[in-house]
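K.L.:
Structure incoming, see below.
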Amino acid sequence: MFINQGKGNTMKYTLLVTQECNLRCPYCYIQKRPISMSLDVAQKIVDFMYTNTPPGEKMDIGFFGGEPLLAFERIQEITALIESHRSYRDYSIELSIVSNGTVFSDAIADFINRHNISFCISCDGPGDLHNMSRSFPNGEAASAIVEATIKQARKTLPVVLVNAVYGPQTFRALPRTVEYFRSLGLKRIFLNPDFSAPWTQADTDDIAAVYEQISAIYIDSYRKGRPLYISLIDGKIAIILRGGYQPEERCHMGRKEFAFTPDGYIFPCERLVGDGAADNRHCIGHVERGLQLDKLNCNVYPSEAINKSCITCGLRDYCMNWCGCSNYQSSGYYNRVGPFTCASEKAAITVALNAYQMLERQLGATFFEHLAGKPSMNAIGSR
């Protein structure tokens, strides 16, 4: 998942500090291994990041896993390596942690605050929904612990992000999930589909109605003066106002986006790491031996017009048909869009445009920050 897109004048780096995890989520695209990143590998990755980031560009550096906070001490050490590097002051750097919400403490909160780290908790909604896919290996439910973490984080951190993954069994309950997050005081909500799931035609037929229900909650939050950031709406409003995705905003995996396994293997996106092995078809190098970008071609469909319907579609400039990892998970190729992605993107663009037009008519000019590409600013205010 992920929060920062790594587009434009930004390099996105994801560090899998460990592939160990205390949950067993069936849709997780990272295979569990009893391995954590050594400090030596971490130093080589930090050097790689500074060497490969052009001057003047921003670095978005995410700590990921497995469950990254199982390796909290190593995160602290890697942060020190980043901040003590001789080139540190030459770059704008943003750090983030994505956690499953089962590991948290005052010490972690203090570290996050001192280093201005963005913190996102993965939660699929209220207990019955969350526990369908996010439980401990022995089957024990994790939802109560995650909710307690959300409440503790809300008290100790200035901003808490939340990410929900939805699939065929849960997407129709997304409006309830959004309401649940709103009841907990969460204002930045990311909703991401499991692209690899067995989506059916019935699912694609229903997705528009579900997104419309989410849009109704979004509009209500604005009318009450307590706006929410909901990724599938705010992200599209920003793109609509800018006239579509610009070239620098499209997929740059393997060029401006890299993921590193605990043992130093390099992948073009964290969603493609899988087992993290050297012979993984998505592996494009190692921090000690450099990049092999020609391997990206192994997963490209050998045809320019593989999605003929996209060529004539009036929404294509506003659609994420270019997202390599999502395409691969749904179709098996970096450059081929799956039917669920198509239906989801059309529905998201439509509800975003309708929400924008309705709120602009009722409330006046409201979405200034979206034009600047910073739609999450609308959720800043009171915690």
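We label chains A, B, ... in the order they appear in the structure tokens, count residues from 1 in each chain, and number ligands from 1 in the order shown.
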List the neighbours of Tyr301 (chain A) out to 12 Å using only C-alpha atoms; skip same-chain residues closer than 4 positions along the sequence, and give me the result as an MDAnalysis selection string.
P.N.:
chainID A and resid 296:297 305:307 324 327:328 331:337
K.L.:
Output as a ChimeraX atom specification all residues of region 114-228 of chain A that backbone DSSP marks as strand (DSSP E).
P.N.:
/A:118-122,161-166,188-193
K.L.:
Could those residues be written to a file, using all heavy atoms, as a compact mmCIF listing (two decimals), in the first residue's frame?
P.N.:
```txt
# COMPACT_ATOMS: atom_id res chain seq x y z
N SER A 118 5.20 9.97 9.43
CA SER A 118 3.79 9.70 9.14
C SER A 118 3.46 8.28 9.58
O SER A 118 4.21 7.34 9.29
CB SER A 118 3.54 9.88 7.64
OG SER A 118 2.22 9.49 7.30
N PHE A 119 2.32 8.10 10.26
CA PHE A 119 1.98 6.80 10.83
C PHE A 119 0.62 6.35 10.30
O PHE A 119 -0.39 7.05 10.45
CB PHE A 119 1.94 6.88 12.35
CG PHE A 119 1.73 5.56 13.03
CD1 PHE A 119 2.64 4.53 12.88
CD2 PHE A 119 0.62 5.34 13.82
CE1 PHE A 119 2.46 3.30 13.50
CE2 PHE A 119 0.42 4.13 14.46
CZ PHE A 119 1.35 3.10 14.30
N CYS A 120 0.60 5.19 9.68
CA CYS A 120 -0.64 4.64 9.12
C CYS A 120 -0.90 3.27 9.72
O CYS A 120 -0.01 2.42 9.81
CB CYS A 120 -0.54 4.52 7.60
SG CYS A 120 -2.02 3.84 6.81
N ILE A 121 -2.15 3.05 10.14
CA ILE A 121 -2.57 1.77 10.71
C ILE A 121 -3.45 1.05 9.69
O ILE A 121 -4.39 1.63 9.14
CB ILE A 121 -3.35 1.98 12.02
CG1 ILE A 121 -2.44 2.61 13.08
CG2 ILE A 121 -3.93 0.66 12.52
CD1 ILE A 121 -3.15 2.99 14.36
N SER A 122 -3.14 -0.21 9.44
CA SER A 122 -3.96 -1.03 8.56
C SER A 122 -5.11 -1.61 9.37
O SER A 122 -4.90 -2.34 10.34
CB SER A 122 -3.14 -2.16 7.94
OG SER A 122 -2.13 -1.64 7.10
N LEU A 161 -3.23 8.09 10.10
CA LEU A 161 -3.85 7.63 8.87
C LEU A 161 -4.32 6.20 9.06
O LEU A 161 -3.79 5.46 9.89
CB LEU A 161 -2.85 7.69 7.71
CG LEU A 161 -2.40 9.06 7.20
CD1 LEU A 161 -1.50 9.79 8.19
CD2 LEU A 161 -1.66 8.92 5.87
N VAL A 162 -5.32 5.81 8.28
CA VAL A 162 -5.82 4.45 8.36
C VAL A 162 -6.03 3.93 6.95
O VAL A 162 -6.47 4.67 6.05
CB VAL A 162 -7.13 4.37 9.19
CG1 VAL A 162 -8.26 5.12 8.51
CG2 VAL A 162 -7.53 2.92 9.44
N ASN A 163 -5.70 2.67 6.74
CA ASN A 163 -5.85 2.04 5.43
C ASN A 163 -6.67 0.76 5.56
O ASN A 163 -6.35 -0.10 6.37
CB ASN A 163 -4.49 1.71 4.83
CG ASN A 163 -4.62 1.01 3.49
OD1 ASN A 163 -5.09 1.59 2.52
ND2 ASN A 163 -4.22 -0.25 3.42
N ALA A 164 -7.71 0.67 4.75
CA ALA A 164 -8.54 -0.54 4.73
C ALA A 164 -8.40 -1.23 3.38
O ALA A 164 -8.53 -0.59 2.32
CB ALA A 164 -10.01 -0.18 4.98
N VAL A 165 -8.15 -2.53 3.42
CA VAL A 165 -8.13 -3.33 2.20
C VAL A 165 -9.48 -4.01 2.06
O VAL A 165 -10.02 -4.55 3.03
CB VAL A 165 -7.00 -4.39 2.27
CG1 VAL A 165 -7.04 -5.30 1.04
CG2 VAL A 165 -5.64 -3.72 2.40
N TYR A 166 -10.04 -3.96 0.88
CA TYR A 166 -11.34 -4.59 0.67
C TYR A 166 -11.29 -5.56 -0.51
O TYR A 166 -10.51 -5.39 -1.45
CB TYR A 166 -12.45 -3.56 0.46
CG TYR A 166 -12.24 -2.60 -0.70
CD1 TYR A 166 -12.77 -2.87 -1.96
CD2 TYR A 166 -11.53 -1.41 -0.53
CE1 TYR A 166 -12.59 -1.99 -3.02
CE2 TYR A 166 -11.35 -0.52 -1.58
CZ TYR A 166 -11.88 -0.82 -2.81
OH TYR A 166 -11.69 0.06 -3.86
N ARG A 188 -8.24 10.83 7.93
CA ARG A 188 -7.55 10.51 6.67
C ARG A 188 -7.70 9.02 6.42
O ARG A 188 -7.08 8.19 7.09
CB ARG A 188 -6.07 10.88 6.76
CG ARG A 188 -5.85 12.37 6.94
CD ARG A 188 -4.40 12.70 6.70
NE ARG A 188 -4.09 14.06 7.05
CZ ARG A 188 -2.93 14.65 6.79
NH1 ARG A 188 -1.98 13.97 6.19
NH2 ARG A 188 -2.71 15.90 7.14
N ILE A 189 -8.53 8.70 5.46
CA ILE A 189 -8.96 7.32 5.23
C ILE A 189 -8.53 6.87 3.83
O ILE A 189 -8.91 7.48 2.83
CB ILE A 189 -10.49 7.21 5.38
CG1 ILE A 189 -10.91 7.65 6.79
CG2 ILE A 189 -10.96 5.80 5.08
CD1 ILE A 189 -12.41 7.83 6.95
N PHE A 190 -7.76 5.81 3.80
CA PHE A 190 -7.33 5.23 2.53
C PHE A 190 -8.05 3.90 2.33
O PHE A 190 -8.10 3.07 3.24
CB PHE A 190 -5.81 5.01 2.53
CG PHE A 190 -5.02 6.29 2.52
CD1 PHE A 190 -4.81 6.99 3.70
CD2 PHE A 190 -4.51 6.80 1.34
CE1 PHE A 190 -4.11 8.19 3.71
CE2 PHE A 190 -3.81 8.00 1.33
CZ PHE A 190 -3.60 8.69 2.51
N LEU A 191 -8.61 3.72 1.15
CA LEU A 191 -9.35 2.51 0.81
C LEU A 191 -8.69 1.88 -0.41
O LEU A 191 -8.59 2.51 -1.47
CB LEU A 191 -10.81 2.83 0.50
CG LEU A 191 -11.58 3.60 1.59
CD1 LEU A 191 -12.97 4.00 1.08
CD2 LEU A 191 -11.69 2.77 2.86
N ASN A 192 -8.21 0.65 -0.27
CA ASN A 192 -7.47 0.01 -1.35
C ASN A 192 -8.01 -1.39 -1.62
O ASN A 192 -8.11 -2.21 -0.69
CB ASN A 192 -5.98 -0.09 -0.99
CG ASN A 192 -5.29 1.26 -1.09
OD1 ASN A 192 -5.13 1.79 -2.17
ND2 ASN A 192 -4.89 1.81 0.05
N PRO A 193 -8.33 -1.68 -2.87
CA PRO A 193 -8.83 -3.02 -3.19
C PRO A 193 -7.72 -4.06 -3.24
O PRO A 193 -6.55 -3.74 -3.50
CB PRO A 193 -9.45 -2.83 -4.58
CG PRO A 193 -8.67 -1.71 -5.19
CD PRO A 193 -8.33 -0.79 -4.04
```
K.L.:
Find the spatial neighbours of region 76-92 of chain A, counting only C-alpha atoms, within a cut-off of 9 Å - ignore same-chain residues fewer than 4 positions away - and output them as a PyMOL selection string.
P.N.:
chain A and resi 39+42-43+46-47+50+53+55-60+71-72+111+115
K.L.:
Please measure the separation of CA of Pro262 (chain A) and CA of Gln329 (chain A), giving the value in Å to one decimal.
P.N.:
22.7 Å
K.L.:
Kindly assemble as JSON lines a list of the region 110-164 of chain A residues that lie within 10 Å of region 102-106 of chain A, each paired with its nearest atom pair and their distance in Å to one decimal, using only C-alpha atoms, sorted first by chain and then by ascending residue number.
P.N.:
```
{"residue": "A:Asp110", "atom": "CA", "partner": "A:Asp106", "partner_atom": "CA", "distance": 6.0}
{"residue": "A:Phe111", "atom": "CA", "partner": "A:Asp106", "partner_atom": "CA", "distance": 8.6}
{"residue": "A:Ile112", "atom": "CA", "partner": "A:Asp106", "partner_atom": "CA", "distance": 9.8}
{"residue": "A:Ile121", "atom": "CA", "partner": "A:Thr102", "partner_atom": "CA", "distance": 9.2}
{"residue": "A:Ser122", "atom": "CA", "partner": "A:Thr102", "partner_atom": "CA", "distance": 9.7}
{"residue": "A:Phe136", "atom": "CA", "partner": "A:Thr102", "partner_atom": "CA", "distance": 9.9}
{"residue": "A:Ala142", "atom": "CA", "partner": "A:Thr102", "partner_atom": "CA", "distance": 7.3}
{"residue": "A:Ser143", "atom": "CA", "partner": "A:Thr102", "partner_atom": "CA", "distance": 8.9}
{"residue": "A:Ala144", "atom": "CA", "partner": "A:Thr102", "partner_atom": "CA", "distance": 9.3}
{"residue": "A:Ile145", "atom": "CA", "partner": "A:Thr102", "partner_atom": "CA", "distance": 5.9}
{"residue": "A:Val146", "atom": "CA", "partner": "A:Thr102", "partner_atom": "CA", "distance": 5.5}
{"residue": "A:Glu147", "atom": "CA", "partner": "A:Thr102", "partner_atom": "CA", "distance": 9.1}
{"residue": "A:Ala148", "atom": "CA", "partner": "A:Thr102", "partner_atom": "CA", "distance": 8.9}
{"residue": "A:Thr149", "atom": "CA", "partner": "A:Phe104", "partner_atom": "CA", "distance": 6.5}
{"residue": "A:Ile150", "atom": "CA", "partner": "A:Phe104", "partner_atom": "CA", "distance": 9.5}
{"residue": "A:Gln152", "atom": "CA", "partner": "A:Phe104", "partner_atom": "CA", "distance": 8.5}
{"residue": "A:Ala153", "atom": "CA", "partner": "A:Phe104", "partner_atom": "CA", "distance": 8.2}
{"residue": "A:Thr156", "atom": "CA", "partner": "A:Asp106", "partner_atom": "CA", "distance": 7.9}
```
K.L.:
For region 346-351 of chain A, list every protein, DNA or RNA residue within 8 Å, evaluated using only C-alpha atoms, and leave out those in the same chain fewer than 4 positions away; present the list as a list of chain:residue names.
P.N.:
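Residues meeting the cut-off are A:Ile207, A:Ala208, A:Tyr211, A:Glu212, A:Ser215, A:Leu232, A:Ile233, A:Lys236, A:Ile237, A:Leu315, A:Tyr318, A:Cys319, A:Cys342, A:Ala355.
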K.L.:
If we count only C-alpha atoms and set the cut-off at 6 Å, which residues sit around Glu20 (chain A), ignoring sequence neighbours fewer than 5 positions away in its own chain? Please answer as a list in words.
P.N.:
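Final neighbour list, sorted by chain and number: Lys32, Arg33, Pro34 and Gly66 of chain A.
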K.L.:
The selected residues should be written to file as a PDB file, in the first residue's frame (atoms: N, CA and C atoms).
P.N.:
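In the end it all went to out-v3.pdb:
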```
ATOM      1  N   LYS A  32       5.795 -14.408   4.483  1.00  0.00           N
ATOM      2  CA  LYS A  32       6.447 -14.307   5.786  1.00  0.00           C
ATOM      3  C   LYS A  32       7.735 -15.142   5.810  1.00  0.00           C
ATOM      4  N   ARG A  33       8.804 -14.506   6.297  1.00  0.00           N
ATOM      5  CA  ARG A  33      10.093 -15.177   6.465  1.00  0.00           C
ATOM      6  C   ARG A  33      10.701 -14.716   7.780  1.00  0.00           C
ATOM      7  N   PRO A  34      11.400 -15.590   8.478  1.00  0.00           N
ATOM      8  CA  PRO A  34      12.037 -15.195   9.748  1.00  0.00           C
ATOM      9  C   PRO A  34      13.335 -14.431   9.480  1.00  0.00           C
ATOM     10  N   GLY A  66       6.109  -7.563   6.286  1.00  0.00           N
ATOM     11  CA  GLY A  66       5.908  -7.928   7.657  1.00  0.00           C
ATOM     12  C   GLY A  66       5.312  -6.805   8.512  1.00  0.00           C
TER      13      GLY A  66
END
```
K.L.:
So, counting only C-alpha atoms, which residue among A:Arg255, A:Arg316, A:His282, A:Arg250 is closest to Val300 (chain A)?
P.N.:
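Among the listed residues, the smallest separation from Val300 (chain A) belongs to A:His282.
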K.L.:
Pick out the residues sitting within 12 Å of Lys295 (chain A), and hand them over as JSON, numbers by chain; count only C-alpha atoms, and ignore anything fewer than 4 positions along from it in its own chain.
P.N.:
{"A": [254, 266, 267, 268, 279, 280, 281, 282, 283, 284, 285, 291, 299, 300]}
K.L.:
Selected residues, C-alpha atoms, written as a compact mmCIF listing (two decimals), in the first residue's frame, please.
P.N.:
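Written out: selection-v3.txt:
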```txt
# COMPACT_ATOMS: atom_id res chain seq x y z
CA GLY A 254 11.97 0.72 -11.18
CA ILE A 266 15.54 -4.64 -5.00
CA PHE A 267 12.02 -4.68 -6.43
CA PRO A 268 10.18 -2.04 -8.48
CA ASP A 279 14.86 -15.63 -8.56
CA ASN A 280 11.54 -13.82 -8.11
CA ARG A 281 10.50 -12.63 -11.58
CA HIS A 282 10.07 -9.05 -10.31
CA CYS A 283 13.50 -8.74 -8.69
CA ILE A 284 15.56 -6.06 -10.44
CA GLY A 285 18.83 -6.20 -8.54
CA LEU A 291 20.13 -2.66 -10.86
CA ASN A 299 6.32 -8.77 -17.25
CA VAL A 300 5.16 -6.52 -20.08
```
K.L.:
Step one, run DSSP on the backbone; step two, keep only residues of region 120-201 of chain A assigned to helix (DSSP H, G or I); then write them as a ChimeraX atom specification.
P.N.:
/A:127-133,143-156,171-183,201
K.L.:
Which residues are close to Asp40 (chain A), i.e. within 10 Å by only C-alpha atoms, leaving aside same-chain residues fewer than 4 positions away? Reply as number ranges by chain.
P.N.:
A: 44-45, 263-264
K.L.:
Go ahead and save the residues from that selection, with N, CA and C atoms, as a PDB file, in the first residue's frame.
P.N.:
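Contents of the output file out.pdb:
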```
ATOM      1  N   LYS A  44      23.850   0.123   3.222  1.00  0.00           N
ATOM      2  CA  LYS A  44      23.973   0.083   1.759  1.00  0.00           C
ATOM      3  C   LYS A  44      22.715   0.642   1.089  1.00  0.00           C
ATOM      4  N   ILE A  45      21.542   0.368   1.670  1.00  0.00           N
ATOM      5  CA  ILE A  45      20.294   0.899   1.110  1.00  0.00           C
ATOM      6  C   ILE A  45      20.251   2.422   1.267  1.00  0.00           C
ATOM      7  N   ASP A 263      17.173  -8.674   3.009  1.00  0.00           N
ATOM      8  CA  ASP A 263      18.500  -9.111   2.592  1.00  0.00           C
ATOM      9  C   ASP A 263      19.054  -8.319   1.416  1.00  0.00           C
ATOM     10  N   GLY A 264      18.410  -7.195   1.076  1.00  0.00           N
ATOM     11  CA  GLY A 264      18.981  -6.266   0.119  1.00  0.00           C
ATOM     12  C   GLY A 264      18.556  -6.411  -1.320  1.00  0.00           C
TER      13      GLY A 264
END
```
K.L.:
For Leu359 (chain A), which of A:Tyr222, A:Trp322, A:Trp199, A:Phe260 is the closest residue, counting only C-alpha atoms?
P.N.:
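The shortest atom-to-atom distance to Leu359 (chain A) comes from A:Tyr222.
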K.L.:
Hey, can you check how far CA of Thr14 (chain A) sits from CA of Leu69 (chain A)?
P.N.:
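Answer for the CA of Thr14 (chain A) to CA of Leu69 (chain A) separation: 14.5 Å.
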